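**Q** For reference, this is coords_37.pdb, and it has PDB, C-alpha atoms and all ligand atoms.
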ATOM      1  CA  MET A  11      65.141 189.323 102.398
ATOM      2  CA  HIS A  12      68.327 189.468 104.422
ATOM      3  CA  ILE A  13      71.722 188.739 102.983
ATOM      4  CA  LYS A  14      71.941 185.145 104.212
ATOM      5  CA  LYS A  15      68.817 184.313 102.215
ATOM      6  CA  VAL A  16      70.253 185.870  99.055
ATOM      7  CA  TYR A  17      73.403 183.750  99.398
ATOM      8  CA  GLY A  18      71.249 180.748 100.222
ATOM      9  CA  LEU A  19      69.210 181.230  97.061
ATOM     10  CA  ILE A  20      72.288 181.613  94.848
ATOM     11  CA  PHE A  21      73.785 178.547  96.483
ATOM     12  CA  SER A  22      70.622 176.472  96.025
ATOM     13  CA  VAL A  23      70.347 177.360  92.321
ATOM     14  CA  ALA A  24      74.017 176.555  91.757
ATOM     15  CA  MET A  25      73.703 173.273  93.638
ATOM     16  CA  ALA A  26      70.647 172.267  91.624
ATOM     17  CA  ALA A  27      72.608 172.912  88.418
ATOM     18  CA  ILE A  28      75.603 170.944  89.620
ATOM     19  CA  PHE A  29      73.508 167.949  90.575
ATOM     20  CA  ALA A  30      71.484 168.075  87.392
ATOM     21  CA  LEU A  31      74.792 167.713  85.521
ATOM     22  CA  SER A  32      76.455 165.162  87.780
ATOM     23  CA  GLY A  33      73.518 163.008  88.860
ATOM     24  CA  PHE A  34      73.455 161.342  92.245
ATOM     25  CA  SER A  35      72.530 158.092  93.869
ATOM     26  CA  LEU A  36      71.924 156.713  97.324
ATOM     27  CA  GLU A  37      74.504 153.982  96.784
ATOM     28  CA  PRO A  38      77.621 154.173  98.913
ATOM     29  CA  SER A  39      80.546 155.668  97.051
ATOM     30  CA  THR A  40      83.249 153.221  96.073
ATOM     31  CA  ALA A  41      85.547 155.664  94.312
ATOM     32  CA  SER A  42      87.634 157.958  96.479
ATOM     33  CA  THR A  43      86.621 161.099  94.650
ATOM     34  CA  HIS A  44      85.924 163.255  97.656
ATOM     35  CA  GLN A  45      88.526 165.677  98.842
ATOM     36  CA  THR A  46      89.093 166.817 102.365
ATOM     37  CA  ALA A  47      88.835 170.499 103.081
ATOM     38  CA  SER A  48      91.645 172.071 105.008
ATOM     39  CA  GLU A  49      91.540 175.664 103.783
ATOM     40  CA  PRO A  50      88.817 178.185 104.692
ATOM     41  CA  ILE A  51      86.435 179.133 101.901
ATOM     42  CA  ASN A  52      87.221 182.549 100.473
ATOM     43  CA  SER A  53      85.151 182.979  97.345
ATOM     44  CA  ALA A  54      81.901 181.840  95.772
ATOM     45  CA  SER A  55      83.765 179.780  93.175
ATOM     46  CA  GLU A  56      85.716 177.993  95.902
ATOM     47  CA  LEU A  57      82.475 177.440  97.784
ATOM     48  CA  LEU A  58      80.925 175.837  94.716
ATOM     49  CA  ALA A  59      84.015 173.761  93.993
ATOM     50  CA  GLN A  60      83.920 172.613  97.591
ATOM     51  CA  SER A  61      80.212 171.903  97.578
ATOM     52  CA  ARG A  62      80.587 169.436  94.713
ATOM     53  CA  PHE A  63      82.406 167.277  97.231
ATOM     54  CA  GLY A  64      80.270 168.601 100.063
ATOM     55  CA  THR A  65      81.559 168.826 103.556
ATOM     56  CA  PHE A  66      79.976 170.625 106.465
ATOM     57  CA  LYS A  67      82.031 173.401 107.985
ATOM     58  CA  LEU A  68      82.654 174.522 111.540
ATOM     59  CA  PRO A  69      81.461 178.147 111.506
ATOM     60  CA  PRO A  70      83.792 180.572 113.272
ATOM     61  CA  LEU A  71      82.581 182.168 116.489
ATOM     62  CA  PRO A  72      81.087 185.580 115.580
ATOM     63  CA  TYR A  73      83.007 187.177 118.521
ATOM     64  CA  GLU A  74      86.150 186.503 120.555
ATOM     65  CA  TYR A  75      86.336 183.476 122.858
ATOM     66  CA  ASP A  76      86.488 185.781 125.887
ATOM     67  CA  ALA A  77      83.700 188.122 124.704
ATOM     68  CA  LEU A  78      81.025 186.597 126.965
ATOM     69  CA  ASP A  79      83.418 185.862 129.838
ATOM     70  CA  GLU A  80      81.355 187.592 132.519
ATOM     71  CA  PHE A  81      78.605 185.022 131.932
ATOM     72  CA  ILE A  82      80.225 182.183 129.945
ATOM     73  CA  ASP A  83      83.916 181.733 130.676
ATOM     74  CA  THR A  84      86.626 181.768 128.019
ATOM     75  CA  GLN A  85      87.800 178.206 128.582
ATOM     76  CA  THR A  86      84.260 176.851 128.245
ATOM     77  CA  MET A  87      83.711 178.813 125.020
ATOM     78  CA  THR A  88      87.024 177.595 123.593
ATOM     79  CA  LEU A  89      86.485 173.925 124.415
ATOM     80  CA  HIS A  90      82.816 174.057 123.478
ATOM     81  CA  HIS A  91      83.450 175.507 120.018
ATOM     82  CA  ASP A  92      86.869 174.114 119.091
ATOM     83  CA  LYS A  93      86.453 170.625 120.536
ATOM     84  CA  HIS A  94      82.774 169.758 121.003
ATOM     85  CA  HIS A  95      81.262 171.467 117.951
ATOM     86  CA  ALA A  96      84.311 170.624 115.822
ATOM     87  CA  GLY A  97      83.860 166.980 116.811
ATOM     88  CA  TYR A  98      80.221 166.954 115.683
ATOM     89  CA  VAL A  99      81.219 168.401 112.287
ATOM     90  CA  LYS A 100      84.039 165.907 111.849
ATOM     91  CA  ASN A 101      81.879 162.907 112.749
ATOM     92  CA  LEU A 102      78.998 164.122 110.566
ATOM     93  CA  ASN A 103      81.294 164.520 107.547
ATOM     94  CA  LYS A 104      82.805 161.101 108.141
ATOM     95  CA  ALA A 105      79.353 159.481 108.338
ATOM     96  CA  ILE A 106      78.056 161.003 105.100
ATOM     97  CA  SER A 107      81.305 160.595 103.156
ATOM     98  CA  SER A 108      80.159 157.274 101.696
ATOM     99  CA  TYR A 109      76.794 158.668 100.525
ATOM    100  CA  PRO A 110      77.593 161.421  97.990
ATOM    101  CA  SER A 111      73.913 162.269  97.381
ATOM    102  CA  LEU A 112      73.512 163.414 100.980
ATOM    103  CA  ARG A 113      76.060 166.140 100.428
ATOM    104  CA  ARG A 114      73.592 168.213  98.422
ATOM    105  CA  LEU A 115      71.261 168.499 101.412
ATOM    106  CA  SER A 116      71.339 171.217 104.025
ATOM    107  CA  ILE A 117      71.663 170.098 107.611
ATOM    108  CA  GLU A 118      68.074 171.267 108.200
ATOM    109  CA  ASP A 119      66.840 169.070 105.326
ATOM    110  CA  ILE A 120      68.729 166.086 106.724
ATOM    111  CA  LEU A 121      67.296 166.536 110.211
ATOM    112  CA  ARG A 122      63.739 167.150 108.986
ATOM    113  CA  ASP A 123      63.711 163.771 107.248
ATOM    114  CA  LEU A 124      66.041 161.511 109.196
ATOM    115  CA  ASP A 125      64.116 158.428 108.093
ATOM    116  CA  ARG A 126      65.542 158.944 104.611
ATOM    117  CA  ILE A 127      69.080 158.641 105.922
ATOM    118  CA  PRO A 128      70.607 155.180 105.384
ATOM    119  CA  GLU A 129      70.205 153.026 108.463
ATOM    120  CA  ASP A 130      73.900 152.362 108.980
ATOM    121  CA  ILE A 131      74.638 156.057 109.567
ATOM    122  CA  GLN A 132      71.258 157.298 110.857
ATOM    123  CA  SER A 133      72.136 157.317 114.546
ATOM    124  CA  THR A 134      75.499 159.008 113.908
ATOM    125  CA  VAL A 135      73.861 161.637 111.713
ATOM    126  CA  ARG A 136      71.143 162.215 114.306
ATOM    127  CA  LYS A 137      73.675 162.895 117.078
ATOM    128  CA  ASN A 138      76.304 164.788 115.121
ATOM    129  CA  GLY A 139      74.051 166.504 112.580
ATOM    130  CA  GLY A 140      71.831 167.630 115.447
ATOM    131  CA  GLY A 141      74.911 168.798 117.315
ATOM    132  CA  HIS A 142      76.131 170.751 114.286
ATOM    133  CA  ALA A 143      72.772 172.484 113.681
ATOM    134  CA  ASN A 144      72.148 173.224 117.361
ATOM    135  CA  HIS A 145      75.577 174.738 117.997
ATOM    136  CA  SER A 146      75.612 176.737 114.746
ATOM    137  CA  MET A 147      72.451 178.424 116.026
ATOM    138  CA  PHE A 148      73.764 178.746 119.588
ATOM    139  CA  TRP A 149      76.848 180.870 118.709
ATOM    140  CA  GLU A 150      74.811 183.141 116.459
ATOM    141  CA  ILE A 151      72.114 183.988 118.988
ATOM    142  CA  MET A 152      74.647 185.211 121.554
ATOM    143  CA  THR A 153      76.570 188.509 121.613
ATOM    144  CA  PRO A 154      78.631 190.604 124.033
ATOM    145  CA  ASP A 155      76.421 193.581 123.050
ATOM    146  CA  SER A 156      73.026 192.276 124.138
ATOM    147  CA  SER A 157      70.086 194.645 124.341
ATOM    148  CA  GLY A 158      68.905 192.623 127.360
ATOM    149  CA  GLU A 159      65.194 192.788 126.688
ATOM    150  CA  PRO A 160      63.764 191.364 123.455
ATOM    151  CA  THR A 161      63.149 193.829 120.610
ATOM    152  CA  GLY A 162      60.960 194.024 117.504
ATOM    153  CA  ASP A 163      58.689 191.211 116.348
ATOM    154  CA  ILE A 164      60.047 188.621 118.790
ATOM    155  CA  ALA A 165      59.161 190.898 121.722
ATOM    156  CA  LYS A 166      55.595 191.123 120.469
ATOM    157  CA  ALA A 167      55.376 187.390 119.720
ATOM    158  CA  ILE A 168      56.622 186.535 123.222
ATOM    159  CA  ASN A 169      54.120 188.893 124.853
ATOM    160  CA  ASP A 170      51.262 187.592 122.690
ATOM    161  CA  THR A 171      52.090 183.952 123.518
ATOM    162  CA  PHE A 172      53.276 184.028 127.125
ATOM    163  CA  GLY A 173      51.818 187.266 128.501
ATOM    164  CA  ASP A 174      55.155 188.923 129.239
ATOM    165  CA  PHE A 175      58.911 188.381 128.968
ATOM    166  CA  ALA A 176      59.349 187.311 132.620
ATOM    167  CA  THR A 177      56.748 184.534 132.262
ATOM    168  CA  PHE A 178      58.451 183.325 129.081
ATOM    169  CA  GLN A 179      61.878 183.321 130.793
ATOM    170  CA  GLU A 180      60.504 181.310 133.695
ATOM    171  CA  GLU A 181      58.895 178.724 131.413
ATOM    172  CA  PHE A 182      62.068 178.448 129.304
ATOM    173  CA  ASN A 183      64.348 178.095 132.350
ATOM    174  CA  THR A 184      62.035 175.464 133.840
ATOM    175  CA  ALA A 185      62.304 173.462 130.600
ATOM    176  CA  GLY A 186      66.107 173.704 130.884
ATOM    177  CA  LYS A 187      66.193 172.723 134.558
ATOM    178  CA  LYS A 188      63.812 169.777 134.128
ATOM    179  CA  ARG A 189      65.743 168.271 131.216
ATOM    180  CA  PHE A 190      67.277 165.197 132.889
ATOM    181  CA  GLY A 191      70.848 164.671 131.749
ATOM    182  CA  SER A 192      72.005 166.350 128.545
ATOM    183  CA  GLY A 193      69.886 168.346 126.134
ATOM    184  CA  TRP A 194      68.458 171.691 125.135
ATOM    185  CA  ALA A 195      65.683 174.128 126.075
ATOM    186  CA  TRP A 196      63.931 175.731 123.100
ATOM    187  CA  LEU A 197      61.550 178.339 121.833
ATOM    188  CA  VAL A 198      60.143 176.786 118.660
ATOM    189  CA  MET A 199      57.580 177.634 116.019
ATOM    190  CA  ASN A 200      55.015 174.960 115.193
ATOM    191  CA  LYS A 201      53.659 174.295 111.704
ATOM    192  CA  ASP A 202      50.581 176.408 112.500
ATOM    193  CA  GLY A 203      52.777 179.406 113.347
ATOM    194  CA  SER A 204      52.280 179.162 117.123
ATOM    195  CA  LEU A 205      55.227 179.505 119.511
ATOM    196  CA  GLU A 206      56.035 176.933 122.197
ATOM    197  CA  VAL A 207      58.693 176.272 124.831
ATOM    198  CA  THR A 208      60.064 172.731 124.524
ATOM    199  CA  SER A 209      63.048 170.629 125.485
ATOM    200  CA  THR A 210      64.973 167.906 123.656
ATOM    201  CA  GLY A 211      67.364 165.242 124.918
ATOM    202  CA  ASN A 212      70.958 164.811 123.747
ATOM    203  CA  GLN A 213      71.493 166.656 120.443
ATOM    204  CA  ASP A 214      67.985 166.153 119.090
ATOM    205  CA  SER A 215      66.806 169.154 117.092
ATOM    206  CA  PRO A 216      63.309 170.640 116.846
ATOM    207  CA  PHE A 217      63.711 170.155 113.066
ATOM    208  CA  MET A 218      63.373 166.399 113.756
ATOM    209  CA  GLN A 219      59.974 167.040 115.338
ATOM    210  CA  GLY A 220      58.556 169.201 112.544
ATOM    211  CA  GLN A 221      59.239 172.446 114.400
ATOM    212  CA  TYR A 222      61.478 175.430 113.685
ATOM    213  CA  PRO A 223      64.030 176.329 116.412
ATOM    214  CA  ILE A 224      63.923 180.087 117.030
ATOM    215  CA  MET A 225      66.259 180.054 120.027
ATOM    216  CA  GLY A 226      67.752 177.377 122.244
ATOM    217  CA  ASN A 227      70.041 177.022 125.235
ATOM    218  CA  ASP A 228      72.524 174.189 125.597
ATOM    219  CA  VAL A 229      72.111 172.523 129.011
ATOM    220  CA  TRP A 230      74.783 169.859 128.555
ATOM    221  CA  GLU A 231      77.253 170.063 131.443
ATOM    222  CA  HIS A 232      80.012 170.915 128.934
ATOM    223  CA  ALA A 233      78.200 174.253 128.362
ATOM    224  CA  TYR A 234      78.443 175.488 131.955
ATOM    225  CA  TYR A 235      80.205 173.179 134.400
ATOM    226  CA  LEU A 236      83.588 174.961 134.660
ATOM    227  CA  LYS A 237      81.956 178.196 135.874
ATOM    228  CA  TYR A 238      78.657 177.052 137.382
ATOM    229  CA  GLN A 239      79.411 173.446 138.436
ATOM    230  CA  ASN A 240      76.142 171.799 139.507
ATOM    231  CA  LYS A 241      74.180 175.071 139.483
ATOM    232  CA  ARG A 242      72.472 174.731 136.110
ATOM    233  CA  GLY A 243      69.802 177.209 137.220
ATOM    234  CA  ASP A 244      72.410 179.969 137.713
ATOM    235  CA  TYR A 245      73.725 179.352 134.203
ATOM    236  CA  LEU A 246      70.198 179.470 132.774
ATOM    237  CA  ASP A 247      69.575 182.787 134.573
ATOM    238  CA  ALA A 248      72.896 184.300 133.401
ATOM    239  CA  TRP A 249      72.393 183.304 129.764
ATOM    240  CA  TRP A 250      69.717 185.972 129.226
ATOM    241  CA  ASN A 251      72.467 188.618 129.502
ATOM    242  CA  VAL A 252      74.159 187.544 126.262
ATOM    243  CA  LEU A 253      71.263 187.134 123.849
ATOM    244  CA  ASN A 254      71.399 188.639 120.363
ATOM    245  CA  TRP A 255      67.772 189.673 119.806
ATOM    246  CA  ASP A 256      68.517 190.930 116.272
ATOM    247  CA  GLU A 257      69.594 187.441 115.257
ATOM    248  CA  ILE A 258      66.665 185.862 117.116
ATOM    249  CA  ASN A 259      64.390 188.199 115.125
ATOM    250  CA  ASN A 260      66.064 186.943 111.918
ATOM    251  CA  ARG A 261      65.291 183.390 112.981
ATOM    252  CA  LEU A 262      61.680 184.295 113.788
ATOM    253  CA  ASP A 263      61.479 185.707 110.257
ATOM    254  CA  ASP A 264      62.942 182.468 108.830
ATOM    255  CA  ALA A 265      60.457 180.416 110.872
ATOM    256  CA  GLN A 266      57.542 182.476 109.528
ATOM    257  CA  SER A 267      58.811 181.978 105.948
ATOM    258  CA  TRP A 268      58.976 178.231 106.607
ATOM    259  CA  VAL A 269      55.352 178.181 107.846
ATOM    260  CA  LYS A 270      54.264 179.983 104.650
ATOM    261  CA  GLU A 271      56.209 177.514 102.491
ATOM    262  CA  ILE A 272      54.590 174.436 104.017
ATOM    263  CA  SER A 273      51.038 175.756 104.274
TER     264      SER A 273
HETATM  265 MN    MN A 301      77.171 171.915 123.492
END
As structure tokens, how would this structure be written, given the file I've shared?
**A**
Amino acid sequence: MHIKKVYGLIFSVAMAAIFALSGFSLEPSTASTHQTASEPINSASELLAQSRFGTFKLPPLPYEYDALDEFIDTQTMTLHHDKHHAGYVKNLNKAISSYPSLRRLSIEDILRDLDRIPEDIQSTVRKNGGGHANHSMFWEIMTPDSSGEPTGDIAKAINDTFGDFATFQEEFNTAGKKRFGSGWAWLVMNKDGSLEVTSTGNQDSPFMQGQYPIMGNDVWEHAYYLKYQNKRGDYLDAWWNVLNWDEINNRLDDAQSWVKEIS
């Protein structure tokens, strides 16, 4: 169990206790009891105090804005994180602010069951919640210290599924190139534990389709246009130089845990 899961477990238990005490409903909130968060969270008690009023947070980049500059330029990283991702978080929080009960759900839970989201905010939550989940993954699976080739269990899983790494890369890049307009290319795990290369439009997440996203590349023009202009294929090729295979292995592990939970 890695550290994120331990925190996640503590958080889930605490949240369950809080909601058992406070109760919740799917009615829009009429009282202005929610606070807006302006300060970063520094301690578990602050996190819990914050979670009572639940807002999603823009995670900081796990490296400097210029760390990937050889392959993804500094200006693109800055705008992409500070403007695009920040916008998704802001719009998501605004949409759910009138439904306090939604604030106890993780973004994955929300996306897995979008039909449960009230109709008046469903489309906004789909776009911005998807955007928040997709980008939170995207920053984490990149690093300036990439090992280049896959390592560990993901290396074996890729070879078992696709034959070899080069064949997988080609299939993944083709999914990215063929996505018309904006969207994502993915390696996902299906409910039966099998791996598959897929693509989604806009900010749709594999969670919405009953799959677990192990890794994904953003093929919106905002992800590459300043450096690569119309050459999406060059961007897709370059992206393999910045992958964090340790983190992708963590996500493979999470996907396998999810398959066990649902089966
Ligand atoms: Mn993006």
**Q** Per residue of chain A within 9 Å of ligand MN 301 (chain A), record the nearest atom pair and its distance in Å to one decimal, counting all atoms listed in the file, with rows in chain order and ascending residue number, as JSON lines.
**A**
{"residue": "A:His90", "atom": "CA", "partner": "A:MN301", "partner_atom": "MN", "distance": 6.0}
{"residue": "A:His91", "atom": "CA", "partner": "A:MN301", "partner_atom": "MN", "distance": 8.0}
{"residue": "A:His94", "atom": "CA", "partner": "A:MN301", "partner_atom": "MN", "distance": 6.5}
{"residue": "A:His95", "atom": "CA", "partner": "A:MN301", "partner_atom": "MN", "distance": 6.9}
{"residue": "A:Gly141", "atom": "CA", "partner": "A:MN301", "partner_atom": "MN", "distance": 7.3}
{"residue": "A:Asn144", "atom": "CA", "partner": "A:MN301", "partner_atom": "MN", "distance": 8.0}
{"residue": "A:His145", "atom": "CA", "partner": "A:MN301", "partner_atom": "MN", "distance": 6.4}
{"residue": "A:Phe148", "atom": "CA", "partner": "A:MN301", "partner_atom": "MN", "distance": 8.6}
{"residue": "A:Gly193", "atom": "CA", "partner": "A:MN301", "partner_atom": "MN", "distance": 8.5}
{"residue": "A:Trp194", "atom": "CA", "partner": "A:MN301", "partner_atom": "MN", "distance": 8.9}
{"residue": "A:Gln213", "atom": "CA", "partner": "A:MN301", "partner_atom": "MN", "distance": 8.3}
{"residue": "A:Asn227", "atom": "CA", "partner": "A:MN301", "partner_atom": "MN", "distance": 8.9}
{"residue": "A:Asp228", "atom": "CA", "partner": "A:MN301", "partner_atom": "MN", "distance": 5.6}
{"residue": "A:Val229", "atom": "CA", "partner": "A:MN301", "partner_atom": "MN", "distance": 7.5}
{"residue": "A:Trp230", "atom": "CA", "partner": "A:MN301", "partner_atom": "MN", "distance": 6.0}
{"residue": "A:Glu231", "atom": "CA", "partner": "A:MN301", "partner_atom": "MN", "distance": 8.2}
{"residue": "A:His232", "atom": "CA", "partner": "A:MN301", "partner_atom": "MN", "distance": 6.2}
{"residue": "A:Ala233", "atom": "CA", "partner": "A:MN301", "partner_atom": "MN", "distance": 5.5}
**Q** Rank A:Leu246, A:Gly139, A:Val198, A:Glu159 by their smallest atom-to-atom distance to Asp119 in chain A, using all atoms listed in the file, and report the top residue only.
**A**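 For Asp119 in chain A, the nearest of the given residues is A:Gly139.
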**Q** Nearest residue to Asn200 in chain A out of A:Asn183, A:Ser273, A:Ser133, A:Gln239, using all atoms listed in the file?
**A** A:Ser273
**Q** Find the residue from A:Phe217, A:Tyr222, A:Trp250, A:Tyr234 that sits nearest to Leu262 in chain A; use all atoms listed in the file when measuring.
**A**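 Among A:Phe217, A:Tyr222, A:Trp250, A:Tyr234, it is A:Tyr222 that comes nearest to Leu262 in chain A.
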**Q** List the neighbours of Arg261 in chain A out to 12 Å using all atoms listed in the file; skip same-chain residues closer than 4 positions along the sequence, and give me the result as a VMD selection string.
**A** chain A and resid 12 14 to 15 147 to 148 150 to 151 163 to 164 197 to 199 222 to 226 254 to 257 265 to 268
**Q** What gap, in Å, lies between CA of Asn212 in chain A and CA of Ser108 in chain A?
**A** 25.1 Å
**Q** Might you pull out every residue within 12 Å of Asp92 in chain A, with only C-alpha atoms counted and same-chain residues fewer than 4 positions away left off, and present them as a list in words?
**A**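 Counting only C-alpha atoms, the residues come to Leu68, Pro69, Pro70, Leu71, Tyr75, Thr84, Gln85, Thr86, Met87, Thr88, Ala96, Gly97, Tyr98, Val99, Lys100 and His145 of chain A.
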**Q** I'd like to know which of A:Tyr109, A:Phe190, A:Phe178, A:Trp196 is closest to Ile127 in chain A, using only C-alpha atoms.
**A**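 Ranked by minimum distance to Ile127 in chain A, first place goes to A:Tyr109.
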**Q** Could you check which of A:Asn259, A:Thr171, A:Asn251, A:Asn101 is closest to Lys137 in chain A, using only C-alpha atoms?
**A**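 Using only C-alpha atoms, Lys137 in chain A sits closest to A:Asn101.
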**Q** What's around Asp125 in chain A at 10 Å? Count all atoms listed in the file, leave out sequence neighbours fewer than 5 positions away in its own chain, and write the answer as a list in words.
**A**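 Using all atoms listed in the file, the neighbours found are Ile120, Gln132 and Met218 of chain A.
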**Q** Could you dump the residues just selected with C-alpha atoms as a compact mmCIF listing (two decimals), keeping the file's coordinate frame?
**A**
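Output saved as selection.txt:
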# COMPACT_ATOMS: atom_id res chain seq x y z
CA ILE A 120 68.73 166.09 106.72
CA GLN A 132 71.26 157.30 110.86
CA MET A 218 63.37 166.40 113.76
**Q** Please write out, as JSON, where the centre of an axis-aligned box around all listed atoms of range 145-154 of chain A lies and how long its edges are, in Å to one decimal, after adding 3 Å on each side.
**A**
{"center_x": 75.4, "center_y": 182.7, "center_z": 119.4, "size_x": 12.5, "size_y": 21.9, "size_z": 15.3}
**Q** Can you work out the spacing between CA of Asn138 in chain A and CA of Lys93 in chain A in Å, to one decimal?
**A** 12.9 Å
**Q** Specify as a ChimeraX atom specification each residue included when the PyMOL selection byres (((chain A and resi 252) around 9) and not hetatm) is applied to this file.
**A** /A:78,81-82,151-158,248-251,253-254
**Q** Keeping only C-alpha atoms, take the residues you just selected and write them out as a compact mmCIF listing (two decimals), in the coordinates of the input.
**A**
# COMPACT_ATOMS: atom_id res chain seq x y z
CA LEU A 78 81.03 186.60 126.96
CA PHE A 81 78.60 185.02 131.93
CA ILE A 82 80.22 182.18 129.94
CA ILE A 151 72.11 183.99 118.99
CA MET A 152 74.65 185.21 121.55
CA THR A 153 76.57 188.51 121.61
CA PRO A 154 78.63 190.60 124.03
CA ASP A 155 76.42 193.58 123.05
CA SER A 156 73.03 192.28 124.14
CA SER A 157 70.09 194.64 124.34
CA GLY A 158 68.90 192.62 127.36
CA ALA A 248 72.90 184.30 133.40
CA TRP A 249 72.39 183.30 129.76
CA TRP A 250 69.72 185.97 129.23
CA ASN A 251 72.47 188.62 129.50
CA LEU A 253 71.26 187.13 123.85
CA ASN A 254 71.40 188.64 120.36
**Q** Just want the 8 Å neighbourhood of Val135 in chain A, counted on only C-alpha atoms, with same-chain residues fewer than 4 positions away dropped. Output as a PDB file with C-alpha atoms, keeping the file's coordinate frame.
**A**
ATOM      1  CA  LEU A 102      78.998 164.122 110.566  1.00  0.00           C
ATOM      2  CA  ALA A 105      79.353 159.481 108.338  1.00  0.00           C
ATOM      3  CA  ILE A 106      78.056 161.003 105.100  1.00  0.00           C
ATOM      4  CA  ILE A 131      74.638 156.057 109.567  1.00  0.00           C
ATOM      5  CA  GLY A 139      74.051 166.504 112.580  1.00  0.00           C
ATOM      6  CA  GLY A 140      71.831 167.630 115.447  1.00  0.00           C
TER       7      GLY A 140
END
**Q** Given the choices A:Glu180, A:Asp130, A:Asp123, A:Asp76, which gets closest to Asp247 in chain A if the distance is worked out from only C-alpha atoms?
**A**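 The answer is A:Glu180, which sits nearest to Asp247 in chain A.
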**Q** Could you check how far CA of Arg136 in chain A sits from CA of Leu112 in chain A, in Å to one decimal?
**A**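 A separation of 13.6 Å between them.
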**Q** Find the residues with any atom within 12 Å of (48.7, 181.0, 117.1); use all atoms listed in the file and the coordinates as given in the file, and write the answer as a list in words.
**A** Ala167, Ile168, Asp170, Thr171, Phe172, Met199, Asn200, Lys201, Asp202, Gly203, Ser204, Leu205, Glu206, Gln266 and Val269 of chain A
**Q** Please save C-alpha atoms of the selected residues as a PDB file, in the frame of the given file.
**A**
ATOM      1  CA  ALA A 167      55.376 187.390 119.720  1.00  0.00           C
ATOM      2  CA  ILE A 168      56.622 186.535 123.222  1.00  0.00           C
ATOM      3  CA  ASP A 170      51.262 187.592 122.690  1.00  0.00           C
ATOM      4  CA  THR A 171      52.090 183.952 123.518  1.00  0.00           C
ATOM      5  CA  PHE A 172      53.276 184.028 127.125  1.00  0.00           C
ATOM      6  CA  MET A 199      57.580 177.634 116.019  1.00  0.00           C
ATOM      7  CA  ASN A 200      55.015 174.960 115.193  1.00  0.00           C
ATOM      8  CA  LYS A 201      53.659 174.295 111.704  1.00  0.00           C
ATOM      9  CA  ASP A 202      50.581 176.408 112.500  1.00  0.00           C
ATOM     10  CA  GLY A 203      52.777 179.406 113.347  1.00  0.00           C
ATOM     11  CA  SER A 204      52.280 179.162 117.123  1.00  0.00           C
ATOM     12  CA  LEU A 205      55.227 179.505 119.511  1.00  0.00           C
ATOM     13  CA  GLU A 206      56.035 176.933 122.197  1.00  0.00           C
ATOM     14  CA  GLN A 266      57.542 182.476 109.528  1.00  0.00           C
ATOM     15  CA  VAL A 269      55.352 178.181 107.846  1.00  0.00           C
TER      16      VAL A 269
END
